[in-house]
Amino acid sequence: GAQAMKKKYWVIAILVFLVGLDWYIRAPDGTSRQLTSAIETQGSEKLKSYPYKFHVLKFSEGTAYVSSPRSFAVPAFKALAVLYPDLNTKNPDNPASIAAQKLLAEVQSEAGAIVQAQPGVKQVRWEIDRDWLSAHHIDVP
């Protein structure tokens with residue numbers, strides 16, 4: 001009875017601790033949250049309504065690492081296929097596809113400019129959003 005209850009209590013306490021530790025390690029620091037909030041509040045309507053939400057992954061020594069759904073390893077058309085399921089991304093000359101790539105570039109550069117303009121930010125680095133891509137079944141090399 002009492003022995004089994006004690007054991008259960010410790011297992012639960014350890015699990016709660018591990019979940020908290022995981023959150024603490026992966027949760028963005030206060031500055032990252034503030035910078036992400038700047039993107040959300042200062043962004044244009046175009047940026048605010050964009051299907052992908054840019055966010056600051058981490059902030060370290062004046063560098064803000066901002067998430068992006070694309071990189072050299074993951075071509076824009078793969079991200080665009082998720083963001084716009086009806087878009088024909090197979091044809092690179094498709095005007096809608098070209099417009100979607102242009103819009104992604106515009107909102108990404110706007111998000112970067114907002115972060116860059118915040119106090120204490122010396123530079124912005126883009127970092128591929130692995131969690132978002134894998135959640136949408138896109139393999140990141």
# chains A, B, ... in the order shown; residues from 1 in each chain; ligands from 1
>>> select_by_dssp(residues="chain A", states="helix (DSSP H, G or I)", output="PyMOL selection string")
chain A and resi 2-26+30-42+45-48+76-83+95-116+130-135
>>> select_by_dssp(residues="chain A", states="strand (DSSP E)", output="PDB file with all heavy atoms, in the first residue's frame")
ATOM      1  N   VAL A  56      11.072  34.257 -33.468  1.00  0.00           N
ATOM      2  CA  VAL A  56      12.478  34.251 -33.080  1.00  0.00           C
ATOM      3  C   VAL A  56      12.747  32.994 -32.262  1.00  0.00           C
ATOM      4  O   VAL A  56      12.112  32.753 -31.241  1.00  0.00           O
ATOM      5  CB  VAL A  56      12.841  35.531 -32.304  1.00  0.00           C
ATOM      6  CG1 VAL A  56      14.292  35.506 -31.829  1.00  0.00           C
ATOM      7  CG2 VAL A  56      12.594  36.759 -33.184  1.00  0.00           C
ATOM      8  N   LEU A  57      13.649  32.167 -32.760  1.00  0.00           N
ATOM      9  CA  LEU A  57      13.971  30.897 -32.107  1.00  0.00           C
ATOM     10  C   LEU A  57      14.871  31.127 -30.904  1.00  0.00           C
ATOM     11  O   LEU A  57      14.696  30.524 -29.856  1.00  0.00           O
ATOM     12  CB  LEU A  57      14.653  29.957 -33.103  1.00  0.00           C
ATOM     13  CG  LEU A  57      13.805  29.606 -34.327  1.00  0.00           C
ATOM     14  CD1 LEU A  57      14.666  29.030 -35.429  1.00  0.00           C
ATOM     15  CD2 LEU A  57      12.709  28.626 -33.941  1.00  0.00           C
ATOM     16  N   LYS A  58      15.862  32.010 -31.085  1.00  0.00           N
ATOM     17  CA  LYS A  58      16.738  32.339 -29.951  1.00  0.00           C
ATOM     18  C   LYS A  58      17.430  33.660 -30.224  1.00  0.00           C
ATOM     19  O   LYS A  58      17.499  34.131 -31.360  1.00  0.00           O
ATOM     20  CB  LYS A  58      17.741  31.218 -29.682  1.00  0.00           C
ATOM     21  CG  LYS A  58      18.768  31.004 -30.772  1.00  0.00           C
ATOM     22  CD  LYS A  58      19.689  29.832 -30.456  1.00  0.00           C
ATOM     23  CE  LYS A  58      20.685  29.696 -31.592  1.00  0.00           C
ATOM     24  NZ  LYS A  58      21.205  28.395 -31.819  1.00  0.00           N
ATOM     25  N   PHE A  59      17.912  34.253 -29.137  1.00  0.00           N
ATOM     26  CA  PHE A  59      18.628  35.522 -29.232  1.00  0.00           C
ATOM     27  C   PHE A  59      19.905  35.362 -28.440  1.00  0.00           C
ATOM     28  O   PHE A  59      19.883  34.958 -27.283  1.00  0.00           O
ATOM     29  CB  PHE A  59      17.779  36.654 -28.647  1.00  0.00           C
ATOM     30  CG  PHE A  59      18.472  37.984 -28.718  1.00  0.00           C
ATOM     31  CD1 PHE A  59      18.561  38.667 -29.918  1.00  0.00           C
ATOM     32  CD2 PHE A  59      19.046  38.542 -27.587  1.00  0.00           C
ATOM     33  CE1 PHE A  59      19.213  39.896 -29.994  1.00  0.00           C
ATOM     34  CE2 PHE A  59      19.699  39.768 -27.648  1.00  0.00           C
ATOM     35  CZ  PHE A  59      19.776  40.448 -28.858  1.00  0.00           C
ATOM     36  N   SER A  60      21.037  35.604 -29.090  1.00  0.00           N
ATOM     37  CA  SER A  60      22.313  35.403 -28.427  1.00  0.00           C
ATOM     38  C   SER A  60      23.332  36.432 -28.896  1.00  0.00           C
ATOM     39  O   SER A  60      23.559  36.569 -30.099  1.00  0.00           O
ATOM     40  CB  SER A  60      22.803  33.987 -28.735  1.00  0.00           C
ATOM     41  OG  SER A  60      24.096  33.794 -28.251  1.00  0.00           O
ATOM     42  N   THR A  63      22.547  38.616 -31.839  1.00  0.00           N
ATOM     43  CA  THR A  63      22.038  37.951 -33.034  1.00  0.00           C
ATOM     44  C   THR A  63      20.675  37.330 -32.742  1.00  0.00           C
ATOM     45  O   THR A  63      20.528  36.560 -31.793  1.00  0.00           O
ATOM     46  CB  THR A  63      23.010  36.855 -33.515  1.00  0.00           C
ATOM     47  OG1 THR A  63      24.277  37.451 -33.798  1.00  0.00           O
ATOM     48  CG2 THR A  63      22.483  36.169 -34.772  1.00  0.00           C
ATOM     49  N   ALA A  64      19.707  37.681 -33.571  1.00  0.00           N
ATOM     50  CA  ALA A  64      18.372  37.078 -33.459  1.00  0.00           C
ATOM     51  C   ALA A  64      18.266  35.994 -34.527  1.00  0.00           C
ATOM     52  O   ALA A  64      18.512  36.254 -35.710  1.00  0.00           O
ATOM     53  CB  ALA A  64      17.297  38.134 -33.664  1.00  0.00           C
ATOM     54  N   TYR A  65      17.942  34.789 -34.102  1.00  0.00           N
ATOM     55  CA  TYR A  65      17.767  33.670 -35.037  1.00  0.00           C
ATOM     56  C   TYR A  65      16.271  33.540 -35.314  1.00  0.00           C
ATOM     57  O   TYR A  65      15.504  33.175 -34.424  1.00  0.00           O
ATOM     58  CB  TYR A  65      18.335  32.383 -34.437  1.00  0.00           C
ATOM     59  CG  TYR A  65      19.835  32.466 -34.234  1.00  0.00           C
ATOM     60  CD1 TYR A  65      20.366  33.033 -33.081  1.00  0.00           C
ATOM     61  CD2 TYR A  65      20.712  32.013 -35.223  1.00  0.00           C
ATOM     62  CE1 TYR A  65      21.743  33.140 -32.908  1.00  0.00           C
ATOM     63  CE2 TYR A  65      22.093  32.120 -35.053  1.00  0.00           C
ATOM     64  CZ  TYR A  65      22.595  32.684 -33.892  1.00  0.00           C
ATOM     65  OH  TYR A  65      23.944  32.793 -33.728  1.00  0.00           O
ATOM     66  N   VAL A  66      15.882  33.879 -36.545  1.00  0.00           N
ATOM     67  CA  VAL A  66      14.467  33.913 -36.901  1.00  0.00           C
ATOM     68  C   VAL A  66      14.136  32.699 -37.759  1.00  0.00           C
ATOM     69  O   VAL A  66      14.896  32.307 -38.640  1.00  0.00           O
ATOM     70  CB  VAL A  66      14.125  35.222 -37.661  1.00  0.00           C
ATOM     71  CG1 VAL A  66      12.627  35.324 -37.915  1.00  0.00           C
ATOM     72  CG2 VAL A  66      14.617  36.441 -36.875  1.00  0.00           C
ATOM     73  N   SER A  67      12.968  32.110 -37.475  1.00  0.00           N
ATOM     74  CA  SER A  67      12.555  30.909 -38.200  1.00  0.00           C
ATOM     75  C   SER A  67      12.167  31.242 -39.631  1.00  0.00           C
ATOM     76  O   SER A  67      11.691  32.332 -39.920  1.00  0.00           O
ATOM     77  CB  SER A  67      11.338  30.290 -37.501  1.00  0.00           C
ATOM     78  OG  SER A  67      10.204  31.134 -37.681  1.00  0.00           O
ATOM     79  N   SER A  68      12.378  30.269 -40.506  1.00  0.00           N
ATOM     80  CA  SER A  68      11.969  30.399 -41.900  1.00  0.00           C
ATOM     81  C   SER A  68      11.508  29.034 -42.392  1.00  0.00           C
ATOM     82  O   SER A  68      12.086  28.021 -42.014  1.00  0.00           O
ATOM     83  CB  SER A  68      13.134  30.879 -42.756  1.00  0.00           C
ATOM     84  OG  SER A  68      12.776  30.792 -44.130  1.00  0.00           O
ATOM     85  N   GLN A 123      22.200  41.749 -35.585  1.00  0.00           N
ATOM     86  CA  GLN A 123      21.987  41.069 -36.865  1.00  0.00           C
ATOM     87  C   GLN A 123      20.894  40.016 -36.748  1.00  0.00           C
ATOM     88  O   GLN A 123      20.577  39.538 -35.664  1.00  0.00           O
ATOM     89  CB  GLN A 123      23.280  40.448 -37.384  1.00  0.00           C
ATOM     90  CG  GLN A 123      23.841  39.350 -36.497  1.00  0.00           C
ATOM     91  CD  GLN A 123      25.047  38.675 -37.117  1.00  0.00           C
ATOM     92  OE1 GLN A 123      25.204  38.666 -38.334  1.00  0.00           O
ATOM     93  NE2 GLN A 123      25.904  38.085 -36.287  1.00  0.00           N
ATOM     94  N   VAL A 124      20.346  39.679 -37.909  1.00  0.00           N
ATOM     95  CA  VAL A 124      19.312  38.651 -38.005  1.00  0.00           C
ATOM     96  C   VAL A 124      19.887  37.488 -38.804  1.00  0.00           C
ATOM     97  O   VAL A 124      20.495  37.693 -39.854  1.00  0.00           O
ATOM     98  CB  VAL A 124      18.044  39.202 -38.707  1.00  0.00           C
ATOM     99  CG1 VAL A 124      17.069  38.084 -39.045  1.00  0.00           C
ATOM    100  CG2 VAL A 124      17.376  40.259 -37.843  1.00  0.00           C
ATOM    101  N   ARG A 125      19.729  36.298 -38.275  1.00  0.00           N
ATOM    102  CA  ARG A 125      20.132  35.086 -38.997  1.00  0.00           C
ATOM    103  C   ARG A 125      18.882  34.260 -39.209  1.00  0.00           C
ATOM    104  O   ARG A 125      18.078  34.090 -38.291  1.00  0.00           O
ATOM    105  CB  ARG A 125      21.108  34.257 -38.144  1.00  0.00           C
ATOM    106  CG  ARG A 125      22.500  34.820 -38.091  1.00  0.00           C
ATOM    107  CD  ARG A 125      23.400  34.076 -39.076  1.00  0.00           C
ATOM    108  NE  ARG A 125      24.692  34.703 -39.201  1.00  0.00           N
ATOM    109  CZ  ARG A 125      25.724  34.422 -38.434  1.00  0.00           C
ATOM    110  NH1 ARG A 125      25.622  33.530 -37.470  1.00  0.00           N
ATOM    111  NH2 ARG A 125      26.875  35.023 -38.631  1.00  0.00           N
ATOM    112  N   TRP A 126      18.728  33.723 -40.401  1.00  0.00           N
ATOM    113  CA  TRP A 126      17.581  32.869 -40.695  1.00  0.00           C
ATOM    114  C   TRP A 126      17.930  31.438 -40.347  1.00  0.00           C
ATOM    115  O   TRP A 126      19.014  30.967 -40.654  1.00  0.00           O
ATOM    116  CB  TRP A 126      17.187  32.979 -42.165  1.00  0.00           C
ATOM    117  CG  TRP A 126      16.724  34.369 -42.463  1.00  0.00           C
ATOM    118  CD1 TRP A 126      17.438  35.351 -43.089  1.00  0.00           C
ATOM    119  CD2 TRP A 126      15.483  34.949 -42.080  1.00  0.00           C
ATOM    120  NE1 TRP A 126      16.699  36.500 -43.126  1.00  0.00           N
ATOM    121  CE2 TRP A 126      15.500  36.288 -42.525  1.00  0.00           C
ATOM    122  CE3 TRP A 126      14.356  34.478 -41.411  1.00  0.00           C
ATOM    123  CZ2 TRP A 126      14.422  37.158 -42.322  1.00  0.00           C
ATOM    124  CZ3 TRP A 126      13.290  35.340 -41.206  1.00  0.00           C
ATOM    125  CH2 TRP A 126      13.326  36.659 -41.666  1.00  0.00           C
ATOM    126  N   GLU A 127      16.998  30.764 -39.708  1.00  0.00           N
ATOM    127  CA  GLU A 127      17.218  29.375 -39.364  1.00  0.00           C
ATOM    128  C   GLU A 127      16.002  28.563 -39.800  1.00  0.00           C
ATOM    129  O   GLU A 127      14.868  28.955 -39.551  1.00  0.00           O
ATOM    130  CB  GLU A 127      17.426  29.254 -37.844  1.00  0.00           C
ATOM    131  CG  GLU A 127      18.234  28.033 -37.482  1.00  0.00           C
ATOM    132  CD  GLU A 127      18.847  28.135 -36.091  1.00  0.00           C
ATOM    133  OE1 GLU A 127      19.850  28.847 -35.923  1.00  0.00           O
ATOM    134  OE2 GLU A 127      18.277  27.490 -35.195  1.00  0.00           O
ATOM    135  N   ILE A 128      16.283  27.460 -40.463  1.00  0.00           N
ATOM    136  CA  ILE A 128      15.194  26.632 -40.972  1.00  0.00           C
ATOM    137  C   ILE A 128      14.322  26.146 -39.808  1.00  0.00           C
ATOM    138  O   ILE A 128      14.827  25.743 -38.772  1.00  0.00           O
ATOM    139  CB  ILE A 128      15.748  25.452 -41.824  1.00  0.00           C
ATOM    140  CG1 ILE A 128      14.634  24.723 -42.546  1.00  0.00           C
ATOM    141  CG2 ILE A 128      16.581  24.504 -40.999  1.00  0.00           C
ATOM    142  CD1 ILE A 128      14.055  25.466 -43.695  1.00  0.00           C
TER     143      ILE A 128
END
>>> atom_distance(atom1="CA of Gln118 in chain A", atom2="CA of Ser71 in chain A")
24.0 Å
>>> residues_around(residues="Val82 in chain A", least_positions_apart="2", cutoff="10 Å", atoms="only C-alpha atoms", output="ChimeraX atom specification")
/A:51-52,69,77-80,84-87,133,136-138
>>> closest_residue(among="A:Ala113, A:Ala73, A:Val140, A:Ile14", to="Leu35 in chain A", atoms="only C-alpha atoms")
A:Ala113
>>> closest_residue(among="A:Val19, A:Tyr9, A:Ile98, A:Ala111", to="Ala38 in chain A", atoms="only C-alpha atoms")
A:Ala111
>>> closest_residue(among="A:Glu110, A:Gly62, A:Gln3, A:Ala135", to="Thr31 in chain A", atoms="only C-alpha atoms")
A:Gly62
>>> closest_residue(among="A:Phe54, A:Pro75, A:Ser32, A:Met5", to="Pro141 in chain A", atoms="only C-alpha atoms")
A:Pro75
>>> closest_residue(among="A:Lys7, A:Lys53, A:Ala76, A:Ile12", to="Lys102 in chain A", atoms="only C-alpha atoms")
A:Ala76
